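This report refers to the structure that appears directly beneath it.
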Amino acid sequence: MEYIVGIDLGTTNSLVAYMQGDQPVVIPGVDGSNLVPSIVALDPLPAPTAEGESSPPRPTVTVGNSARRALIATPERAIYSVKRLMGRGIEDIAEELKLFPFRIAPDVQPGEVLRIQLGEMNFTPSEISAYVLRQLKRNAERFLGEPVKKAVITVPAYFNDAQRQATRDAGRMAGLEVLRLVNEPTAAALAYGLDRATESGQHARTVAVYDLGGGTFDISILKLNDGIFEVMATNGDTHLGGDDIDNLLLVVALDEIRTEHGVDLRQQPDAVQALRKAVIEAKITLSAETTAKLDIELPGGDRYQREIPRAVYEQLIAPVLERTAGPCRQALSDAGVRPEQIDEVVLVGGSTRIPAVRRLVDEIFQLNARGRRPHMELNPDEVVAVGAAVQASILAGNSAATDQLLLLDVTPLSLGIEALGGVVARVLQRNSTIPASATEHFTTGVEGQTNVAIHVLQGERELAKDCRSLARFDLKGIPPMPAGLPRIEVKFLIDANGILQVSAREQRSGTEAQIEVKPTYGLTDEQVEAMILDSFDHAESDFAERQLIEARLEADTILSAVAKAPENGAWQRLTDAERAAIFAARDRLIAVQPGSDLKAIREATTALDQATRRFAELMMDQAVSQAMRGKTMEAANRTLNVDQAEIHAPHPFAQAEIEENAAVGSGETREGNE
Amino acid sequence: MMHCASCREPFHGSPLICAACGAVQSSGVEAPDYFQVFGLERRLGVDVAALEREFHRLSRRLHPDRFARATAEEQQNSLRATALLNDAWRVLRDPVERVEYLLKIEGHAVGEEHAGKARSAERQPPADLLEEVFELNMQLEEIRMSRKMGETADASVLAELRTAGERFEAMLDELDQALTAESTKWDAGKGQARAGAAARMIELLDRRRYLWNLVREVREALGAAA
C-alpha cells in the first residue's frame, strides 16, 4: 500500500497525518508528541582532523523538540519561524530582521534567494524547511512501517507564487513528491466538512475560515454544496500571527528590564531566547487565566517580576489583532456576501485560543447577535494537517469517505504584466477559481525585433514596483518582421497548486517562441537537485535496514543523554523513584538495542523517553535561568565570539527600530503620522 | 461538428469531455468558446443556477484531483480542460462579462486596450456627465488632500461625496437594466436588429466602465475616511 501523507508545514509547529481507512490520524513523533516544532539546529561539526580536511564536513541537524534546547544553548546555530523567509528576498525582510534573530549570509544580494547562517554553514529557507519535512517523513515511515514518498503539503492561502514554489522545492529536497499544495483554511474546512457531511444534506452553506497561526493569517469564504468546497474569496497577511504577539511582549519586557534594572539583555541572544520562552508561556496562561506572572532572575541576581493582567495584555495586542479585520472585510466584499450571510465560522490556528481573537471574530461576523458560535471542536493545531490528509485521500481516490469531495480553490492575488510607464495590466483577477488561464497578445516595437521582454507580477497595486515580481521572460526567436506585425500569444496558466506556468506562440509564423523563465526569488531545477537531502534516502530495498539503523541511532542518542544526566544539576531534583524508573528503562533499552527487533527497540526508546520527560523539563528550566544569569563561562564566551564574528549581521533587537515599527504597525495611527 | 479525439463520437454537451467514452479532450488548435464549453447556444440569457450545476458536474469529472494517479498526458489534459471550464464559468456567470465576451467573439472591438500597449490616458467622461464628474473630482481631491495633511475630512464634503456616490450607483443600476434589455433584444433579434443591439451594448459598456471607476474611487475615499 502506497501512502500519501498530509503535511502541515507550520511557522511554529509542523504535523503529518494520513487516512487510516475512513479516519484521519495525526502521526506522533518519537517523543509521542503530534507537534514537531519547526525548529532546526545545526549539530556541532566534528573537529577537523589532519586527513579529513579534503572533504567538507557533512552537516547533521536536529529538528523539533530536541532542537528547542539549542535555541537557548546555541542560538547562533538554530532557527525558528523560517516560514517567514520562504520565497522572499533580502529587500523584503527588513521588518522581519528587526524582530527575528535571523542571521542572513552577509553576501546575499537583492533579487537573490536568501541564505541563512547556522554556525559555519549557509542554508536556503527551502533547505531548512526540507529538514523539518524530512523529520515528518521519517516519523510517518516509522509509524507506518513503509516508505513514504508522496505528500500533500499545506500553505497559507495568501502565499504568492514564489512562496509556493519554495515550499514545493522544500518537499522535493526532503525526498517527497508533492502531489498538491493545499491552502490551509481550505484544508481546515475539509477537515470539518468531513465530520458533518452526513447531517448537512443538500443544503448549501456559506462558511468563513479564520486562520491565525504562528506567523500567518488567512481568511477564506467558502460555499459548501453537496461535497463541493468552493472557495469564493480569500485574503490574509503572510506575516501576521502569534509570533507578532510574542515579539510585542518581548519588547515590553526587554525595555522594562533595561529601565528598571539597568540591564540590556538585547546583546545576549541566549538571554533573549530564554525571555522569549517565558513571555510565550505567559501568553498561553493569559488565554485561560485573567493574569500571568513573569519572574526571571537577571544577571547580578536581581529579579524581574511582572504581573500582566489580561486587560493590559489585550490592550497591547489589540493593534495586532485589528490587522486581521481588514482582510476579513475585503474577503467578504470580494465574495459578495454580508457578514450576516455567513452560516458558520471555523477557527483555526493556535492563536485563535486567545479570547480577544474570539471576541473580534464574533464582532466581525456578528455571531453572538445571531445566536451562533464559531467552530472550534477540532484541535486548532491539528485541523490543517487533518484536512491535508483528507485531500491526500481525495487524490489517492481510495476512500469512500472522500470520493464525493472536491475542492475548488482560488488564486489569492491578481496576476499582471508590466505595461508601459511601469503600470500593471491585470491578466487575471484575484479570487479566480484555479486552475485558471489567461491569454495576452504582444507585438514588437522596432523593425526586425526578435526578442520581447515580459515582466510578470502578482499583487493588487497599480504600479509594478509595488507588486510582487514573479518572473521576467524573454520571448526569443521571433521571426524578423516590421514593427507591430508579429502577433505573439502568451498563455498564463495557474495550476491547482496556485503556481504559474507560461507558454508562448508567434501566431503569424506559427513558431513556438522560446521562453526563458528566470524566477525572481526561486531556485532553478539544478539548484534544487543539488540540495536534495540524502538522495539514497528513498531507495526501497534498504528501507527495513534503514529503519533499524535509525532506531538504533535514536537509542544511542537517548542513551548517551541519560549517561550524562547525573552531571546535570537537575538530576538531583528528581526523586529516587524517578531515577530508578529511568535506570530500569535504560537497562531494557541497552538489552534490546543490538538485536534486530525494530518494534522492541522503538518501544524501549519511547519508554525511556517517557521516563526522562520530567528530567528534560527540569533541565530546560535550568538552561533558561542560566541564560538569564549569563553565568556559564561557555555561554559568555560564545556571546562574545558571536558579537565579534557577526558585526555585519543585523542584530535581533535593535531597540529604536522596534518602537518605530510598533507605532507604524498599529494601523489606525498610520494616516495621522504622515 | 466536433468529435471525441478518442472514440470519434460527436459531442453531446460539453466538448471538454466525451459523454460516450469519458475521455478528457486535449486542447486542439481551435479551442471551444465559453458557450460551447457548457454545451450552450451563443445567447446572453443564461440560467445561472443551471450553469452552476453543470459547472459542478463537469468539475467533478475534469478536475486535476481526479487525475493525480493518471499519466502525465492525462494530467495535462485535465489541467487545461479545467482551466478552460473555470475561465468559462467565471465569465458566463457574470452578466456584464458575459456581454463583453460575447461581443468580442462576435468580432466587435470591446473594452480596454490589450495589456502591453498604452492604456488610453484620455478617457473622456460622457458628455452629459461632464459637470457632475468635475464636481466629484473636486470633492475627491479635497478628501485626499486632508488625508495627506493628517486631518479628518470635512463632514459636509463627506456628506456631499456620499450623496454623489449614491447617485452614481443608481445610474449604474439603471445602466445594468438597460444592458439586460439590450441583451434580450440581441438574443431575440436577427440581422439589423441584432447589430443595433450590439452597437448599443458597446456604448453602454463604455459608459459602465467609466461609471464603475468613479463608484470605486468614491467607495475607496469613503472607506479610507471612515
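How things are named: the first chain in the C-alpha cells is A, the next is B, and so on; residues count from 1 in each chain; ligands count from 1 in the order shown.
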
Legend entry - Who sits within 8 Å of Phe55 in chain B, only C-alpha atoms, same chain under 5 positions skipped, as a PyMOL selection string: chain B and resi 38+85+89

Once you have the residues from the selection above, write them out as an mmCIF file, in the first residue's frame, restricted to C-alpha atoms.
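Written output follows (again.cif):
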```cif
data_model
loop_
_atom_site.group_PDB
_atom_site.id
_atom_site.type_symbol
_atom_site.label_atom_id
_atom_site.label_comp_id
_atom_site.auth_asym_id
_atom_site.auth_seq_id
_atom_site.Cartn_x
_atom_site.Cartn_y
_atom_site.Cartn_z
ATOM 1 C CA PHE B 38 -21.099 24.301 -21.371
ATOM 2 C CA LEU B 85 -14.017 25.347 -17.678
ATOM 3 C CA TRP B 89 -17.700 29.780 -15.570
#
```

Inset, instruction - Within 9 Å of chain A, which residues of chain B are there when counting only C-alpha atoms? Please give them as a PyMOL selection string. - result: chain B and resi 56+59-60+63-69+79-80+82-87+90+114-119+147-152

Inset, instruction - Using CA of Asn65 in chain A and CA of Leu35 in chain A as the two end points, give the distance in Å to one decimal. - result: 8.8 Å

Inset, instruction - Write out as a list in words the residues lying within 12 Å of Ala369 in chain A, counting only C-alpha atoms and excluding same-chain residues fewer than 6 positions away. - result: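 The residues that qualify are Pro339, Glu340, Arg359, Asp362 and Glu363 of chain A.
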
Could you save the residues just selected, with C-alpha atoms, as an mmCIF file, in the first residue's frame?
```cif
data_model
loop_
_atom_site.group_PDB
_atom_site.id
_atom_site.type_symbol
_atom_site.label_atom_id
_atom_site.label_comp_id
_atom_site.auth_asym_id
_atom_site.auth_seq_id
_atom_site.Cartn_x
_atom_site.Cartn_y
_atom_site.Cartn_z
ATOM 1 C CA PRO A 339 -21.358 39.180 7.490
ATOM 2 C CA GLU A 340 -24.846 38.026 8.480
ATOM 3 C CA ARG A 359 -14.344 38.336 20.512
ATOM 4 C CA ASP A 362 -17.625 37.347 16.891
ATOM 5 C CA GLU A 363 -17.842 41.062 16.198
#
```

Inset, instruction - Tell me which protein, DNA and RNA residues are within 10 Å of Ala20 in chain B, counting only C-alpha atoms, leaving out same-chain ones fewer than 4 positions away, and put them as a PyMOL selection string. - result: chain B and resi 4+6-12

Legend entry - Distance query range 546-554 of chain A at most 7 Å, only C-alpha atoms, self and fewer than 5 positions along chain excluded, as a ChimeraX atom specification: /A:593,596,598,601-602

Filtering to N, CA, C and O atoms, could you give me those residues as a tab-separated table (two decimals), in the first residue's frame?
```tsv
chain	number	residue	atom	x	y	z
A	593	GLN	N	18.80	-3.12	22.22
A	593	GLN	CA	19.36	-2.30	21.13
A	593	GLN	C	20.16	-3.09	20.09
A	593	GLN	O	20.00	-2.85	18.90
A	596	SER	N	17.71	-7.22	16.33
A	596	SER	CA	17.12	-6.65	15.11
A	596	SER	C	15.60	-6.59	15.21
A	596	SER	O	14.91	-6.53	14.20
A	598	LEU	N	12.94	-4.43	15.51
A	598	LEU	CA	12.70	-2.99	15.38
A	598	LEU	C	11.68	-2.49	16.40
A	598	LEU	O	11.88	-1.46	17.05
A	601	ILE	N	13.02	-2.26	19.98
A	601	ILE	CA	13.93	-1.13	20.18
A	601	ILE	C	13.14	0.16	20.31
A	601	ILE	O	13.38	0.98	21.19
A	602	ARG	N	12.16	0.30	19.43
A	602	ARG	CA	11.37	1.52	19.47
A	602	ARG	C	10.57	1.66	20.76
A	602	ARG	O	10.48	2.73	21.33
```
